[in-house]
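Enquirer: So that we are looking at the same thing, I have put the structure below in structure tokens.
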Amino acid sequence: WHLVQLSWVVREFWTADWVCVGMSSLAFVNSLSSGQLASSGSKGSQSASQVTQRRAPSPVLCQAGGQTPQDGSRIKKAILSSAIAAALAFSPAIVGVDQMQAQAIRNTVNGGSTFQSSSGRVNKDAESLLRWGLPVQEKNIREIQANLEEITYDIRAFKWNAIENDVKKTIKVLDKKSDDIMKAVAEGKRDNASEVLASMRGRLDELKVLVAAKSSDEVISLQRDILREVGRLEQMMIEKFPYEIPEEYKDLPKLRGRAVVEMTFKKPDGGKYDIEGELFKTAKMTMVVDGYNAPITAGNFVDLVKRGFYNKLEITRSDGFVVQTGDPAGEVDGFIDPKTEKIRKIPLEIFARGDKTPTYG
């Protein structure tokens, strides 16, 4: 992923229709389940036969348009890009969190603190990354999330006393700070939030019993269910898109929120996909496209999906690291925007830890 980041930075501007799906992407995180595409597929032998967009979990505003870079600013942007590239090579960024969230992340294991060291434990949980990427500043719900996510690592080492303590701390915060948590929920969503809190409280009692019985599989299953409720509650705290996007990019498509995109793949020779020992004629990849942390990158992708740009395109790379597509047949190397009649290009977009808005270059 860092090599991908680095290549994007050095290029300063990248062709806006290429898709690289990695373990943790700046704009989206792929999610695999039974019957969906495994990342170790064969190279260059698949096509994206169908691309559909499903309703996003939160309101989405997408504006169409296009932009080409200004020649007069290339030198300045190239210098900026090179500097950021050098920094990225040695200091991985946690994207899309403000200072409060960053501090919470540094104090937890599965919340993202391990991004700071390649020798430490790296958070590869797509759902966790998406939760930490939400523009939420309520410290109590973040503490609950951190405590619950810590269980993931504690249970691997059978640290049952630590897990019991994680659950107790979570219950304590929920019991004492539920009123503060409710105040952070957007008006009009508080009835639903109250139901979620009540459900969480009941499930935490169940989790406490499972921990006492040292039932590993059941503990992890219930923990993830509770964390999904935490994520739902955090989304209810978002009233509006949290920052202004620079005016210079007003003509580019934007995603102010999140969207879910599902791609269906098939092999042109009629071959089947072997996914966990079971054969399938088609494979599916589900992506959550994150406009909170990369609204232009995400908006451009969703716009191209809606236009059908990726339909029937070949997969040009699939090697276990990324699944890549976006190169149409012929001499054209990208998407020709009908408004400008030129290849659409989008700026570099990085949301670094502690920043309030993305950095563009």
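Chain labels run A, B, ... following the order of the structure tokens; each chain numbers its residues from 1, and ligands are numbered from 1 in the order shown.
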Report as JSON, numbers by chain all protein, DNA and RNA residues lying within 9 Å of A:Glu349, evaluated on only C-alpha atoms, omitting residues in the same chain fewer than 4 positions from it.
Expert: {"A": [9, 26, 293, 294, 295, 296, 297, 358, 359, 360, 361]}
Enquirer: Which of these, A:Phe265, A:Asp217, A:Glu229, A:Ala212, has the shortest distance to A:Val323 once you count only C-alpha atoms?
Expert: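 Among the listed residues, A:Phe265 lies closest to A:Val323.
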Enquirer: Report, in Å to a single decimal, how far apart atom CA of A:Pro253 and atom CA of A:Met285 are.
Expert: 23.0 Å
Enquirer: Kindly indicate which residue among A:Glu164, A:Asp180, A:Glu138, A:Glu278 lies nearest to A:Gln235, using only C-alpha atoms for the distances.
Expert: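 When distances to A:Gln235 are compared using only C-alpha atoms, the smallest one comes from A:Glu138.
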Enquirer: Mind checking which residues fall within 12 Å of A:Gly202, counting only C-alpha atoms, ignoring those fewer than 4 positions away in the same chain, and posting them as a VMD selection string?
Expert: chain A and resid 171 174 to 175 195 to 198 206 to 209 222 226
Enquirer: From the list A:Glu143, A:Ile346, A:Arg121, A:Leu210, which residue is nearest A:Glu248 when using only C-alpha atoms?
Expert: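 Residue with the minimum atom-to-atom distance to A:Glu248: A:Ile346.
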Enquirer: Record the distance separating atom CA of A:Lys189 and atom CA of A:Val302, expressed in Å with one decimal.
Expert: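 Pair atom CA of A:Lys189 / atom CA of A:Val302 returns 26.9 Å.
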Enquirer: Can you work out the spacing between atom CA of A:Ile220 and atom CA of A:Trp132 in Å, to one decimal?
Expert: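 About the pair atom CA of A:Ile220 and atom CA of A:Trp132: they are 19.3 Å apart.
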Enquirer: DSSP on the backbone: what in stretch 201-354 of chain A comes out strand (DSSP E or B), as a PyMOL selection string?
Expert: chain A and resi 258-266+273-275+278-280+282-290+313-318+323-325+336-337+342-343+345-347+349-350
Enquirer: Restricting the output to N, CA and C atoms, write the selected residues as a compact mmCIF listing (two decimals), in the first residue's frame.
Expert:
# COMPACT_ATOMS: atom_id res chain seq x y z
N ARG A 258 -20.55 8.13 2.41
CA ARG A 258 -20.04 6.84 1.98
C ARG A 258 -21.02 6.17 1.03
N ALA A 259 -20.50 5.27 0.23
CA ALA A 259 -21.32 4.49 -0.69
C ALA A 259 -20.81 3.06 -0.69
N VAL A 260 -21.67 2.13 -1.05
CA VAL A 260 -21.29 0.72 -1.17
C VAL A 260 -21.37 0.33 -2.64
N VAL A 261 -20.27 -0.19 -3.16
CA VAL A 261 -20.20 -0.61 -4.56
C VAL A 261 -19.89 -2.10 -4.60
N GLU A 262 -20.62 -2.81 -5.43
CA GLU A 262 -20.39 -4.24 -5.60
C GLU A 262 -19.99 -4.52 -7.04
N MET A 263 -18.84 -5.14 -7.23
CA MET A 263 -18.38 -5.53 -8.57
C MET A 263 -18.53 -7.04 -8.75
N THR A 264 -19.02 -7.44 -9.91
CA THR A 264 -19.15 -8.85 -10.25
C THR A 264 -18.13 -9.20 -11.32
N PHE A 265 -17.35 -10.24 -11.10
CA PHE A 265 -16.30 -10.64 -12.02
C PHE A 265 -16.61 -12.00 -12.63
N LYS A 266 -16.15 -12.20 -13.88
CA LYS A 266 -16.23 -13.51 -14.50
C LYS A 266 -15.04 -13.68 -15.43
N TYR A 273 -14.02 -19.67 -10.35
CA TYR A 273 -13.18 -19.18 -9.25
C TYR A 273 -13.20 -20.19 -8.11
N ASP A 274 -12.01 -20.50 -7.61
CA ASP A 274 -11.89 -21.38 -6.45
C ASP A 274 -11.75 -20.50 -5.21
N ILE A 275 -12.83 -20.39 -4.46
CA ILE A 275 -12.85 -19.55 -3.27
C ILE A 275 -13.06 -20.44 -2.06
N GLU A 278 -14.42 -23.90 -2.85
CA GLU A 278 -15.70 -24.00 -3.55
C GLU A 278 -15.63 -23.25 -4.87
N LEU A 279 -16.20 -23.82 -5.92
CA LEU A 279 -16.12 -23.24 -7.25
C LEU A 279 -17.33 -22.35 -7.55
N PHE A 280 -17.06 -21.18 -8.16
CA PHE A 280 -18.12 -20.24 -8.51
C PHE A 280 -17.90 -19.73 -9.94
N THR A 282 -19.03 -16.84 -11.00
CA THR A 282 -18.72 -15.41 -10.86
C THR A 282 -18.18 -15.17 -9.45
N ALA A 283 -17.49 -14.06 -9.31
CA ALA A 283 -16.98 -13.66 -7.99
C ALA A 283 -17.40 -12.22 -7.75
N LYS A 284 -17.63 -11.90 -6.50
CA LYS A 284 -18.09 -10.55 -6.16
C LYS A 284 -17.14 -9.89 -5.17
N MET A 285 -16.90 -8.61 -5.40
CA MET A 285 -16.11 -7.80 -4.48
C MET A 285 -16.97 -6.63 -4.00
N THR A 286 -17.09 -6.49 -2.70
CA THR A 286 -17.88 -5.41 -2.12
C THR A 286 -16.94 -4.38 -1.52
N MET A 287 -17.15 -3.12 -1.87
CA MET A 287 -16.29 -2.03 -1.39
C MET A 287 -17.12 -0.96 -0.70
N VAL A 288 -16.64 -0.48 0.41
CA VAL A 288 -17.22 0.71 1.04
C VAL A 288 -16.35 1.88 0.61
N VAL A 289 -16.93 2.80 -0.12
CA VAL A 289 -16.20 3.95 -0.66
C VAL A 289 -16.33 5.10 0.34
N ASP A 290 -15.20 5.58 0.83
CA ASP A 290 -15.17 6.51 1.95
C ASP A 290 -14.95 7.95 1.49
N LEU A 313 -14.60 -4.31 -18.42
CA LEU A 313 -13.16 -4.04 -18.50
C LEU A 313 -12.37 -5.25 -17.97
N GLU A 314 -11.18 -5.47 -18.54
CA GLU A 314 -10.33 -6.54 -18.07
C GLU A 314 -9.65 -6.16 -16.75
N ILE A 315 -9.37 -7.18 -15.95
CA ILE A 315 -8.55 -6.99 -14.76
C ILE A 315 -7.10 -7.04 -15.22
N THR A 316 -6.37 -5.95 -15.07
CA THR A 316 -5.01 -5.88 -15.57
C THR A 316 -3.99 -6.37 -14.56
N ARG A 317 -4.39 -6.47 -13.29
CA ARG A 317 -3.47 -6.98 -12.27
C ARG A 317 -4.25 -7.58 -11.13
N SER A 318 -3.86 -8.78 -10.72
CA SER A 318 -4.45 -9.44 -9.56
C SER A 318 -3.41 -10.40 -9.00
N VAL A 323 -6.07 -5.65 -6.69
CA VAL A 323 -6.85 -6.03 -7.86
C VAL A 323 -7.05 -4.73 -8.63
N GLN A 324 -6.57 -4.67 -9.87
CA GLN A 324 -6.51 -3.40 -10.59
C GLN A 324 -7.22 -3.49 -11.93
N THR A 325 -8.02 -2.46 -12.21
CA THR A 325 -8.67 -2.34 -13.51
C THR A 325 -8.84 -0.86 -13.82
N ILE A 336 -12.59 9.76 -20.79
CA ILE A 336 -12.73 11.05 -21.47
C ILE A 336 -13.99 11.72 -20.93
N ASP A 337 -13.80 12.82 -20.22
CA ASP A 337 -14.93 13.55 -19.67
C ASP A 337 -15.69 14.25 -20.80
N LYS A 342 -11.51 15.76 -22.56
CA LYS A 342 -10.14 15.40 -22.19
C LYS A 342 -10.18 14.31 -21.13
N ILE A 343 -9.03 13.64 -20.94
CA ILE A 343 -8.95 12.64 -19.88
C ILE A 343 -9.12 13.33 -18.53
N LYS A 345 -8.56 14.00 -14.80
CA LYS A 345 -7.53 13.76 -13.80
C LYS A 345 -7.95 14.38 -12.48
N ILE A 346 -7.57 13.73 -11.39
CA ILE A 346 -7.93 14.22 -10.06
C ILE A 346 -6.67 14.44 -9.24
N PRO A 347 -6.72 15.31 -8.24
CA PRO A 347 -5.51 15.61 -7.47
C PRO A 347 -5.19 14.53 -6.46
N GLU A 349 -4.82 13.23 -2.85
CA GLU A 349 -5.71 13.55 -1.73
C GLU A 349 -5.32 12.68 -0.54
N ILE A 350 -4.75 13.29 0.49
CA ILE A 350 -4.30 12.55 1.68
C ILE A 350 -4.86 13.23 2.93
Enquirer: Could you check the closest approach to A:Leu134 for each of A:Arg203, A:Lys339, A:Lys240, A:Lys250 and tell me which residue wins, using only C-alpha atoms?
Expert: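 Of the candidates, the smallest distance to A:Leu134 is held by A:Lys240.
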